[in-house]
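Next comes input.txt, with compact mmCIF, C-alpha atoms and all ligand atoms.
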# COMPACT_ATOMS: atom_id res chain seq x y z
CA MET A 1 42.81 -30.34 68.36
CA SER A 2 42.27 -28.86 64.91
CA ASP A 3 44.89 -29.28 62.19
CA PRO A 4 46.37 -25.83 61.65
CA GLY A 5 47.51 -26.87 58.19
CA VAL A 6 44.37 -27.36 56.21
CA LEU A 7 43.09 -23.77 56.24
CA GLY A 8 46.47 -22.73 54.87
CA LEU A 9 45.85 -24.79 51.72
CA PHE A 10 42.71 -22.79 50.86
CA PRO A 11 43.01 -19.53 48.91
CA PRO A 12 44.77 -16.74 50.79
CA GLY A 13 42.18 -14.85 52.82
CA SER A 14 40.04 -17.93 53.50
CA SER A 15 38.75 -17.93 57.06
CA LEU A 16 36.29 -19.47 59.46
CA ASP A 17 32.95 -17.82 60.18
CA GLN A 18 31.89 -17.32 63.82
CA ASP A 19 30.37 -20.81 63.94
CA GLY A 20 33.51 -22.37 62.48
CA THR A 21 32.22 -22.72 58.90
CA LEU A 22 34.82 -22.36 56.16
CA MET A 23 34.64 -19.20 54.06
CA VAL A 24 36.34 -18.60 50.72
CA GLY A 25 36.28 -15.19 49.08
CA GLY A 26 34.19 -14.03 52.03
CA CYS A 27 31.46 -16.57 51.19
CA ARG A 28 30.37 -19.40 53.46
CA LEU A 29 30.86 -22.63 51.53
CA ASP A 30 27.63 -24.08 52.93
CA ALA A 31 25.78 -21.10 51.43
CA VAL A 32 27.54 -21.56 48.09
CA ALA A 33 26.58 -25.25 48.12
CA ALA A 34 22.98 -24.37 48.97
CA GLU A 35 22.78 -21.89 46.11
CA PHE A 36 24.59 -23.79 43.37
CA GLY A 37 24.38 -27.41 44.50
CA THR A 38 27.28 -29.86 44.78
CA PRO A 39 29.82 -30.63 43.58
CA VAL A 40 30.83 -27.05 42.89
CA MET A 41 34.17 -25.43 42.20
CA VAL A 42 34.67 -22.16 44.05
CA VAL A 43 37.31 -19.73 42.75
CA ASP A 44 38.48 -16.90 44.98
CA GLU A 45 38.55 -14.15 42.38
CA THR A 46 40.49 -11.73 44.57
CA ALA A 47 43.19 -14.32 45.26
CA LEU A 48 43.41 -15.16 41.56
CA ARG A 49 43.81 -11.53 40.51
CA ALA A 50 46.40 -11.03 43.23
CA ARG A 51 48.32 -14.03 41.93
CA ALA A 52 48.30 -12.70 38.37
CA ARG A 53 49.61 -9.32 39.60
CA GLU A 54 52.21 -11.00 41.79
CA TYR A 55 53.53 -12.93 38.79
CA LEU A 56 53.71 -9.93 36.48
CA ALA A 57 55.33 -7.70 39.10
CA ALA A 58 57.83 -10.37 40.15
CA PHE A 59 59.20 -10.68 36.61
CA ARG A 60 58.87 -7.05 35.49
CA ASP A 61 60.61 -5.75 38.62
CA LEU A 62 63.65 -7.79 37.69
CA TRP A 63 63.41 -7.84 33.89
CA PRO A 64 61.25 -4.96 32.66
CA ARG A 65 60.80 -6.48 29.20
CA SER A 66 59.06 -9.60 30.39
CA ASP A 67 55.59 -10.99 29.85
CA VAL A 68 53.58 -13.58 31.68
CA ALA A 69 51.39 -15.78 29.49
CA PHE A 70 48.76 -17.76 31.35
CA ALA A 71 48.77 -21.36 30.14
CA SER A 72 45.05 -21.49 29.39
CA LYS A 73 44.98 -25.27 29.40
CA ALA A 74 45.15 -25.24 33.20
CA PHE A 75 41.70 -23.60 33.36
CA PRO A 76 40.41 -22.71 29.89
CA CYS A 77 37.03 -21.11 30.50
CA THR A 78 35.93 -17.68 29.32
CA ALA A 79 35.84 -16.07 32.77
CA ILE A 80 39.37 -17.16 33.66
CA GLN A 81 40.85 -16.16 30.31
CA GLN A 82 39.04 -12.82 30.57
CA LEU A 83 40.37 -12.23 34.08
CA MET A 84 43.93 -13.00 32.96
CA SER A 85 43.60 -10.64 30.00
CA GLU A 86 42.23 -7.89 32.23
CA GLU A 87 45.27 -8.33 34.47
CA GLY A 88 47.57 -7.72 31.50
CA LEU A 89 48.65 -11.31 30.93
CA HIS A 90 49.18 -12.93 27.56
CA LEU A 91 47.53 -16.29 26.88
CA ASP A 92 48.97 -19.63 25.85
CA VAL A 93 46.42 -21.50 23.79
CA ALA A 94 46.89 -25.20 23.13
CA GLY A 95 44.89 -25.88 20.01
CA GLY A 96 41.91 -24.38 18.26
CA GLY A 97 39.45 -24.83 21.10
CA GLU A 98 41.40 -22.60 23.43
CA ILE A 99 41.68 -19.97 20.69
CA VAL A 100 37.90 -20.02 20.46
CA THR A 101 37.37 -19.62 24.20
CA ALA A 102 40.09 -16.96 24.43
CA LEU A 103 38.48 -14.97 21.62
CA SER A 104 35.11 -15.28 23.32
CA ALA A 105 36.80 -13.92 26.46
CA GLY A 106 37.73 -10.81 24.46
CA ALA A 107 41.45 -11.56 24.69
CA ASP A 108 43.74 -9.80 22.21
CA PRO A 109 44.87 -12.40 19.64
CA ALA A 110 48.15 -10.54 19.21
CA ARG A 111 48.89 -11.55 22.81
CA MET A 112 48.24 -15.25 22.25
CA LEU A 113 50.79 -18.03 21.76
CA LEU A 114 49.62 -21.17 20.01
CA HIS A 115 51.10 -24.42 21.28
CA GLY A 116 50.67 -28.05 20.27
CA ASN A 117 52.73 -30.99 19.08
CA ALA A 118 50.11 -32.01 16.53
CA LYS A 119 48.57 -28.83 15.20
CA THR A 120 46.20 -29.33 12.32
CA ASP A 121 45.73 -27.18 9.21
CA GLU A 122 42.43 -26.06 10.67
CA GLU A 123 43.97 -24.92 13.94
CA LEU A 124 46.84 -23.10 12.26
CA ALA A 125 44.44 -21.41 9.84
CA LEU A 126 42.28 -20.34 12.77
CA ALA A 127 45.34 -18.89 14.51
CA VAL A 128 46.67 -17.13 11.42
CA SER A 129 43.33 -15.70 10.30
CA ASN A 130 42.59 -14.37 13.78
CA GLY A 131 46.00 -12.77 14.14
CA VAL A 132 47.42 -14.97 16.91
CA GLY A 133 50.72 -13.26 17.69
CA LEU A 134 53.05 -16.21 18.06
CA VAL A 135 52.85 -19.75 16.78
CA VAL A 136 55.21 -21.99 18.72
CA VAL A 137 56.69 -24.27 16.09
CA ASP A 138 57.02 -27.78 17.48
CA ASN A 139 58.09 -29.69 14.36
CA PHE A 140 58.96 -29.25 10.69
CA ASP A 141 55.40 -29.97 9.62
CA ASP A 142 54.26 -26.87 11.47
CA ILE A 143 56.56 -24.90 9.18
CA ASP A 144 55.29 -26.67 6.04
CA ARG A 145 51.70 -26.00 7.05
CA LEU A 146 52.27 -22.35 7.93
CA GLU A 147 54.05 -21.73 4.63
CA ARG A 148 50.96 -23.00 2.83
CA ILE A 149 48.50 -21.14 5.05
CA VAL A 150 50.02 -17.68 5.59
CA GLU A 151 49.18 -15.37 2.70
CA PRO A 152 52.04 -13.72 0.81
CA GLY A 153 52.69 -10.21 2.08
CA ARG A 154 52.02 -11.22 5.67
CA ARG A 155 54.47 -12.51 8.26
CA GLN A 156 53.47 -14.88 11.02
CA GLY A 157 55.51 -14.55 14.20
CA CYS A 158 56.99 -17.85 15.38
CA LEU A 159 58.96 -19.27 18.27
CA VAL A 160 60.81 -22.55 17.89
CA ARG A 161 60.33 -25.07 20.68
CA VAL A 162 63.48 -26.86 21.74
CA VAL A 163 63.72 -29.97 23.90
CA PRO A 164 65.69 -28.82 26.93
CA GLY A 165 67.09 -32.27 27.68
CA VAL A 166 66.11 -32.06 31.33
CA GLN A 167 64.72 -35.04 33.20
CA ALA A 168 62.26 -33.36 35.57
CA SER A 169 61.41 -35.11 38.82
CA THR A 170 57.67 -35.05 38.41
CA HIS A 171 55.08 -37.51 37.17
CA ALA A 172 56.10 -38.98 33.80
CA ALA A 173 52.87 -37.75 32.19
CA VAL A 174 53.80 -34.13 32.89
CA ALA A 175 57.57 -34.29 32.29
CA THR A 176 58.12 -32.76 28.85
CA GLY A 177 61.77 -31.82 28.76
CA HIS A 178 63.61 -35.13 28.45
CA ALA A 179 65.39 -36.02 25.24
CA GLY A 180 62.71 -38.54 24.20
CA SER A 181 59.84 -36.11 24.70
CA LYS A 182 57.17 -35.82 22.01
CA PHE A 183 57.32 -32.03 22.39
CA GLY A 184 59.68 -29.79 20.51
CA LEU A 185 62.84 -30.33 18.50
CA LEU A 186 66.24 -31.48 19.67
CA PRO A 187 68.76 -28.60 19.57
CA ALA A 188 70.30 -29.58 16.24
CA ASP A 189 66.87 -29.78 14.60
CA ALA A 190 65.75 -26.58 16.31
CA ARG A 191 68.65 -24.80 14.60
CA ILE A 192 67.51 -26.10 11.23
CA ALA A 193 63.95 -24.99 11.97
CA ILE A 194 65.18 -21.52 12.92
CA GLU A 195 67.09 -21.27 9.64
CA ARG A 196 64.08 -22.39 7.63
CA ILE A 197 61.86 -19.82 9.32
CA ARG A 198 64.45 -17.10 8.78
CA ARG A 199 64.52 -17.90 5.07
CA SER A 200 60.74 -18.00 4.78
CA ARG A 201 58.92 -15.13 3.10
CA VAL A 202 55.79 -15.50 5.24
CA LEU A 203 57.25 -16.42 8.62
CA ARG A 204 59.29 -14.48 11.16
CA CYS A 205 61.51 -16.13 13.76
CA ASP A 206 60.92 -14.06 16.88
CA GLY A 207 62.63 -16.42 19.24
CA VAL A 208 62.81 -19.71 21.04
CA HIS A 209 60.75 -21.63 23.55
CA THR A 210 61.13 -24.49 25.96
CA HIS A 211 59.11 -26.14 28.73
CA VAL A 212 60.57 -28.59 31.22
CA GLY A 213 57.43 -30.05 32.81
CA SER A 214 54.76 -29.40 35.38
CA GLN A 215 54.52 -29.39 39.20
CA LEU A 216 58.26 -28.80 39.55
CA LEU A 217 59.19 -28.12 43.15
CA ASP A 218 62.94 -28.05 42.56
CA ALA A 219 64.27 -24.59 41.74
CA ALA A 220 67.23 -25.95 39.82
CA GLN A 221 64.98 -27.87 37.41
CA LEU A 222 62.96 -24.74 36.64
CA ALA A 223 66.11 -22.73 35.99
CA ALA A 224 67.33 -25.49 33.71
CA ALA A 225 64.94 -24.11 31.08
CA VAL A 226 67.13 -21.08 30.46
CA GLU A 227 70.34 -22.47 29.04
CA PRO A 228 68.94 -24.72 26.29
CA VAL A 229 67.12 -21.79 24.68
CA ALA A 230 69.90 -19.29 25.31
CA GLU A 231 72.37 -21.59 23.55
CA LEU A 232 70.41 -21.38 20.31
CA GLY A 233 71.61 -17.84 19.65
CA SER A 234 70.44 -14.26 19.71
CA PHE A 235 66.72 -13.56 19.43
CA ASP A 236 64.12 -11.03 20.43
CA VAL A 237 62.08 -13.50 22.53
CA TYR A 238 63.07 -16.22 25.01
CA ASP A 239 60.15 -18.20 26.38
CA PHE A 240 60.99 -20.43 29.34
CA GLY A 241 57.60 -22.14 29.60
CA GLY A 242 55.79 -22.85 32.85
CA GLY A 243 56.05 -25.60 35.42
CA LEU A 244 56.32 -23.99 38.85
CA GLY A 245 54.83 -26.44 41.35
CA VAL A 246 52.20 -25.67 43.94
CA ARG A 247 51.55 -26.73 47.51
CA TYR A 248 48.92 -29.46 47.37
CA THR A 249 49.90 -31.07 50.66
CA TYR A 250 51.58 -30.11 53.89
CA VAL A 251 54.95 -31.38 52.72
CA ASP A 252 55.15 -29.58 49.35
CA GLN A 253 57.54 -26.61 49.48
CA PRO A 254 57.44 -24.86 46.09
CA PRO A 255 59.58 -21.80 45.52
CA SER A 256 57.65 -18.52 45.83
CA VAL A 257 56.90 -16.64 42.62
CA ARG A 258 59.44 -14.00 43.69
CA ASP A 259 62.12 -16.64 44.22
CA TYR A 260 61.23 -18.33 40.95
CA ALA A 261 61.46 -15.02 39.06
CA ALA A 262 64.77 -14.16 40.75
CA MET A 263 66.19 -17.52 39.82
CA MET A 264 65.09 -17.39 36.19
CA VAL A 265 66.29 -13.82 35.71
CA GLU A 266 69.59 -14.49 37.43
CA LYS A 267 70.18 -17.38 35.05
CA ALA A 268 69.08 -15.29 32.07
CA ARG A 269 71.45 -12.41 32.79
CA GLY A 270 74.59 -13.01 30.85
CA LEU A 271 73.03 -15.83 28.83
CA VAL A 272 70.39 -13.91 26.86
CA PRO A 273 70.71 -10.42 25.35
CA ALA A 274 69.90 -7.68 27.85
CA ASP A 275 67.30 -6.12 25.55
CA ALA A 276 65.48 -9.41 24.80
CA ARG A 277 61.95 -10.12 25.88
CA ILE A 278 61.41 -12.90 28.39
CA ILE A 279 58.17 -14.86 28.56
CA VAL A 280 57.08 -17.34 31.21
CA GLU A 281 53.94 -19.45 30.91
CA PRO A 282 52.55 -20.45 34.30
CA GLY A 283 49.41 -22.53 34.38
CA ARG A 284 49.15 -24.66 37.49
CA SER A 285 50.90 -22.19 39.80
CA MET A 286 48.62 -19.40 38.60
CA THR A 287 45.23 -20.96 39.29
CA ALA A 288 45.54 -24.11 41.40
CA ALA A 289 45.57 -22.57 44.86
CA ALA A 290 42.83 -20.04 44.08
CA ALA A 291 40.09 -22.68 43.99
CA CYS A 292 38.55 -25.51 45.93
CA THR A 293 35.89 -28.10 45.19
CA VAL A 294 32.95 -28.65 47.53
CA TYR A 295 31.28 -32.08 47.59
CA ARG A 296 28.41 -33.59 49.57
CA VAL A 297 29.05 -36.80 51.50
CA THR A 298 26.61 -39.40 50.16
CA THR A 299 27.58 -42.42 52.24
CA VAL A 300 29.99 -43.49 54.95
CA LYS A 301 30.91 -47.16 54.85
CA ARG A 302 32.83 -48.69 57.73
CA GLY A 303 34.60 -51.88 56.68
CA GLU A 304 38.27 -52.67 56.45
CA ARG A 305 38.69 -48.99 55.79
CA ILE A 306 36.33 -46.08 56.37
CA HIS A 307 35.09 -45.09 52.93
CA VAL A 308 33.59 -41.62 52.76
CA ALA A 309 31.92 -41.37 49.36
CA VAL A 310 31.09 -38.02 47.79
CA ASP A 311 28.92 -36.93 44.88
CA GLY A 312 31.87 -36.22 42.52
CA GLY A 313 35.26 -37.78 41.84
CA MET A 314 37.20 -38.56 38.68
CA GLY A 315 34.55 -36.76 36.64
CA ASP A 316 35.70 -33.44 38.12
CA ASN A 317 39.25 -34.28 39.28
CA LEU A 318 41.43 -36.50 37.11
CA GLU A 319 44.66 -35.32 38.70
CA VAL A 320 44.47 -38.17 41.16
CA SER A 321 44.00 -41.01 38.69
CA LEU A 322 46.28 -39.54 36.00
CA TYR A 323 49.23 -38.42 38.10
CA GLY A 324 48.58 -39.82 41.55
CA GLN A 325 48.39 -36.27 42.83
CA ARG A 326 47.80 -36.11 46.59
CA PHE A 327 45.12 -33.71 47.85
CA GLU A 328 43.97 -32.81 51.35
CA ALA A 329 40.41 -32.11 52.50
CA THR A 330 38.25 -30.93 55.36
CA LEU A 331 34.64 -30.91 56.33
CA VAL A 332 33.19 -27.45 55.74
CA ASP A 333 31.71 -26.93 59.19
CA ARG A 334 34.30 -28.90 61.22
CA VAL A 335 37.60 -27.73 59.83
CA GLY A 336 40.64 -29.86 60.57
CA GLY A 337 41.15 -32.63 63.08
CA GLY A 338 39.60 -36.09 63.06
CA ALA A 339 40.74 -39.58 62.18
CA PRO A 340 42.00 -40.79 58.80
CA VAL A 341 39.43 -41.97 56.24
CA THR A 342 39.44 -42.74 52.52
CA VAL A 343 37.49 -40.29 50.40
CA VAL A 344 36.16 -41.96 47.29
CA GLY A 345 34.19 -40.69 44.31
CA ARG A 346 30.94 -41.87 42.78
CA HIS A 347 32.37 -43.39 39.61
CA CYS A 348 32.36 -47.07 38.77
CA GLU A 349 36.07 -47.71 39.20
CA SER A 350 38.11 -48.61 42.23
CA GLY A 351 40.65 -46.11 40.94
CA ASP A 352 38.14 -43.36 41.65
CA GLU A 353 39.63 -42.69 45.05
CA LEU A 354 40.06 -38.98 45.72
CA ILE A 355 42.19 -39.05 48.89
CA ASP A 356 43.46 -41.87 51.05
CA LEU A 357 44.16 -41.45 54.74
CA VAL A 358 42.86 -37.92 55.10
CA PRO A 359 41.76 -36.91 58.59
CA LEU A 360 38.12 -35.80 58.80
CA ALA A 361 36.18 -34.90 61.94
CA ASP A 362 33.58 -37.70 62.21
CA PRO A 363 32.07 -37.40 58.73
CA VAL A 364 28.40 -38.26 58.35
CA VAL A 365 26.05 -38.40 55.38
CA GLY A 366 25.06 -34.92 54.27
CA ASP A 367 28.29 -33.25 55.37
CA LEU A 368 30.00 -30.90 52.97
CA LEU A 369 33.59 -31.77 52.13
CA ALA A 370 35.99 -29.18 50.68
CA VAL A 371 39.10 -30.15 48.72
CA PRO A 372 41.57 -27.26 48.28
CA VAL A 373 43.96 -26.56 45.37
CA THR A 374 41.68 -27.82 42.60
CA GLY A 375 42.04 -24.72 40.40
CA ALA A 376 44.35 -26.28 37.80
CA TYR A 377 43.70 -29.12 35.34
CA CYS A 378 40.48 -30.19 37.08
CA TYR A 379 37.88 -28.11 35.24
CA THR A 380 39.70 -28.68 31.97
CA MET A 381 39.74 -32.48 32.26
CA SER A 382 36.26 -32.77 33.70
CA ASN A 383 34.15 -35.33 31.92
CA GLN A 384 30.77 -37.00 31.85
CA TYR A 385 31.88 -40.47 32.88
CA ASN A 386 28.96 -42.43 34.36
CA GLY A 387 26.65 -39.73 33.08
CA ALA A 388 28.16 -37.20 35.45
CA ARG A 389 27.05 -33.66 34.85
CA ARG A 390 30.18 -31.52 34.70
CA ILE A 391 30.32 -29.24 37.69
CA PRO A 392 29.75 -25.48 37.84
CA VAL A 393 32.41 -22.86 38.53
CA VAL A 394 31.53 -20.03 40.89
CA PHE A 395 33.64 -16.92 41.47
CA ALA A 396 33.57 -15.71 45.08
CA ALA A 397 34.84 -12.26 46.02
CA GLU A 398 34.14 -9.99 48.95
CA GLY A 399 31.18 -12.03 50.09
CA GLN A 400 29.52 -12.13 46.66
CA THR A 401 29.19 -15.09 44.32
CA ARG A 402 29.00 -15.11 40.53
CA LEU A 403 28.31 -18.20 38.42
CA VAL A 404 30.80 -18.33 35.53
CA VAL A 405 30.27 -21.90 34.27
CA ARG A 406 26.94 -23.60 34.88
CA ARG A 407 26.46 -27.24 35.72
CA ASP A 408 25.68 -29.59 32.84
CA THR A 409 21.98 -30.27 32.55
CA TRP A 410 20.55 -33.71 31.82
CA ALA A 411 19.83 -32.30 28.36
CA ASP A 412 23.55 -31.53 27.94
CA LEU A 413 24.22 -35.23 28.31
CA LEU A 414 22.06 -35.83 25.23
CA ALA A 415 23.08 -32.70 23.31
CA ARG A 416 25.47 -34.44 20.90
CA ASP A 417 23.47 -37.58 20.37
CA VAL A 418 21.88 -37.58 16.96
CA PRO A 419 18.39 -39.06 17.24
CA ALA A 420 17.58 -41.85 14.87
CA SER A 421 15.74 -40.26 11.97
CA GLY A 422 13.24 -43.07 11.39
CA GLN A 423 13.48 -45.28 8.32
CA SER A 424 16.16 -44.33 5.89
CA GLY A 425 14.96 -44.36 2.36
C1 LIG A 501 51.31 -27.03 30.18
C2 LIG A 501 52.23 -25.99 29.66
C3 LIG A 501 52.52 -24.87 30.43
C4 LIG A 501 52.02 -24.69 31.83
O1 LIG A 501 52.57 -25.59 32.70
P1 LIG A 501 52.22 -25.51 34.26
O2 LIG A 501 52.91 -26.63 34.87
O3 LIG A 501 50.75 -25.62 34.38
O4 LIG A 501 52.72 -24.18 34.73
C5 LIG A 501 53.32 -23.89 29.88
N1 LIG A 501 53.80 -24.01 28.63
C6 LIG A 501 53.54 -25.08 27.86
C7 LIG A 501 54.08 -25.14 26.49
C8 LIG A 501 52.76 -26.10 28.35
O5 LIG A 501 52.51 -27.17 27.59

Could you write out this file's structure as structure tokens?
Amino acid sequence: MSDPGVLGLFPPGSSLDQDGTLMVGGCRLDAVAAEFGTPVMVVDETALRARAREYLAAFRDLWPRSDVAFASKAFPCTAIQQLMSEEGLHLDVAGGGEIVTALSAGADPARMLLHGNAKTDEELALAVSNGVGLVVVDNFDDIDRLERIVEPGRRQGCLVRVVPGVQASTHAAVATGHAGSKFGLLPADARIAIERIRRSRVLRCDGVHTHVGSQLLDAAQLAAAVEPVAELGSFDVYDFGGGLGVRYTYVDQPPSVRDYAAMMVEKARGLVPADARIIVEPGRSMTAAAACTVYRVTTVKRGERIHVAVDGGMGDNLEVSLYGQRFEATLVDRVGGGAPVTVVGRHCESGDELIDLVPLADPVVGDLLAVPVTGAYCYTMSNQYNGARRIPVVFAAEGQTRLVVRRDTWADLLARDVPASGQSG
């Protein structure tokens, strides 16, 4: 009767209470909704910490000199960056804003890597003055800027980003490794960049970087990151980027973190120096499965299709409209089962459809709907479209909740508007 699959998409350890209500982090989701309102993102803190440890152990067991850098952009709020730092991870920061949040999280700047294909003087100065350990050079202008910004007598650590020349089978918007990508330098140019950095008196070439794309479910495409960087020569650091896919739906079969690590390390042995340091930069596969979003059903419309509308949508989850990502869902107190409906959001676009043909057990107005695997790229792309108040983030662990990002207030919607100052004179 009930679909055995859907519970398995929620964070590990999620369960049903005695009355069948879904619990995440030991907290009933109806209680979380009552306390914090809807929509609300619930992060299972225990599952997230376990994932961070799993990643670090998987790589260090096989390659002791390896580091895992969390790609902050997947979930760049203070609490998440703090948690990752506490677990011993480094942090990728994409631009100045993520440096600011990472610093506010108390993260060690020496363990940050700055990314970006269009870094500004301001962002590079912020990185350099705060002691960000590695700037990932994406283009020759990065080098020009750094040479102006870094004070004589200091040396800024750099990695050079190379285009791996891999056509990843993922959505075009998140494939970054093909030859025409806007990210990184083609191998011949990467070699020139490395030489320039080596000759510089204020820069230090620590190594090389590449990143194939995101939501990669094919092991071979992930491993394809190794050779393009290894071919560039002998360095202290080889950074293979992120990209490991996650299980959003019943059919997705991503490699486990252990298998991913084994594959990357196997490829690295023989290709990169045995005493080099390996870095990987997971974002999506670190946080996605540790969270879910809880909505309230606001209307059920039975026409050509059954439209179940909820109080959120593309304001809190752009993965659907940007990449066509498929999600699953369940009612919170009637988990699994039911007939297929179309879950739509509250925004004024037909494209604001969260999930088509998802089975729900006779949804009615007022029901709570939980969408699993929303812990990556949802918070970070949340927006105020249609005057939506961006949703709160709640950590749940061992039956306790902790608010880590509050909901926007109505005042937040006006916070940047500069009131007219009367007659100008
Ligand atoms: C986005 C990004 C990542 C993380 O990718 P995921 O698919 O979320 O693991 C890692 N490194 C770089 C340079 C990125 O741009």

Check: Given a cut-off of 9 Å, what residues near ligand LIG 501 (chain A) show up using only C-alpha atoms and all ligand atoms, put as a VMD selection string?
Finding: chain A and resid 69 to 74 92 to 94 114 to 116 136 161 174 176 183 209 to 216 239 to 245 280 to 288 376 to 377

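Minimum atom-to-atom distance to Ile279 of chain A, evaluated using all atoms listed in the file, belongs to A:Val208 out of A:Leu9, A:Val208, A:Val24, A:Ala105.
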
Would you kindly return, as a short mmCIF file (atom, residue, chain, number, x, y, z; two decimals) with C-alpha atoms, in the coordinates of the input, each protein, DNA or RNA residue with an atom no farther than 8 Å from any atom of Pro363 of chain A, considering all atoms listed in the file and excluding same-chain residues fewer than 3 positions away?
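Result saved to around-v8.cif:
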data_model
loop_
_atom_site.label_atom_id
_atom_site.label_comp_id
_atom_site.auth_asym_id
_atom_site.auth_seq_id
_atom_site.Cartn_x
_atom_site.Cartn_y
_atom_site.Cartn_z
CA VAL A 297 29.05 -36.80 51.50
CA VAL A 300 29.99 -43.49 54.95
CA VAL A 308 33.59 -41.62 52.76
CA LEU A 331 34.64 -30.91 56.33
CA LEU A 360 38.12 -35.80 58.80
CA ASP A 367 28.29 -33.25 55.37
#

Notebook entry, point to check: Please, which residues are within 10 Å of (46.8, -41.1, 29.9) by the file's coordinates, counting all atoms listed in the file, and could they come as a PyMOL selection string?
Noted result: chain A and resi 173+321-323

Note to self: Need the shell around Asp141 of chain A: protein/DNA/RNA residues with any atom at most 12 Å away, counting all atoms listed in the file. Skip same-chain ones fewer than 3 positions apart. Format as a PyMOL selection string?
What the structure shows: chain A and resi 116-121+124+137-138+144-148+184-185+193+196

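Note that the spacing between atom CA of Val393 of chain A and atom CA of Ile355 of chain A amounts to 21.6 Å.
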
Item checked: Of the listed residues A:Gln167, A:Thr298, A:Thr380, A:Ser421, that which approaches Phe75 of chain A most closely, counting only C-alpha atoms -> A:Thr380

All file atoms of segment 198-203 of chain A boxed axis-aligned, 5 Å per side, centre plus edges, as lines of an AutoDock Vina configuration file:
center_x = 60.2
center_y = -16.6
center_z = 5.9
size_x = 18.7
size_y = 12.9
size_z = 15.7

Note to self: Calculated over only C-alpha atoms, which of the candidates A:Leu318, A:Val163, A:Ala175, A:Ile278 has the smallest distance to Leu56 of chain A?
What the structure shows: A:Ile278

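Distance-wise, atom CA of Asp252 of chain A and atom CA of Ala339 of chain A end up 21.7 Å apart.
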
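As for atom CA of Thr78 of chain A and atom CA of Leu414 of chain A, they are spaced 23.2 Å apart.
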
Next item on the list: Could you give me, as number ranges by chain, the residues within 9 Å of segment 26-40 of chain A, counting all atoms listed in the file and dropping anything in the same chain fewer than 4 positions from it?
Entry: A: 13-17, 21-22, 44, 292-296, 310-312, 316, 332-333, 368, 370, 390-394, 396-401, 403, 406-407

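For the choices A:His347, A:Arg258, A:Arg416, A:His307, the atom-to-atom distance to Phe59 of chain A is smallest for A:Arg258 when using all atoms listed in the file.
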
Notebook entry, point to check: Could you name the residues that touch segment 154-157 of chain A at 9 Å or less, counting all atoms listed in the file, but leaving out those on the same chain fewer than 4 positions away, as an MDAnalysis selection string?
Noted result: chainID A and resid 128 131:136 146 150 201:207
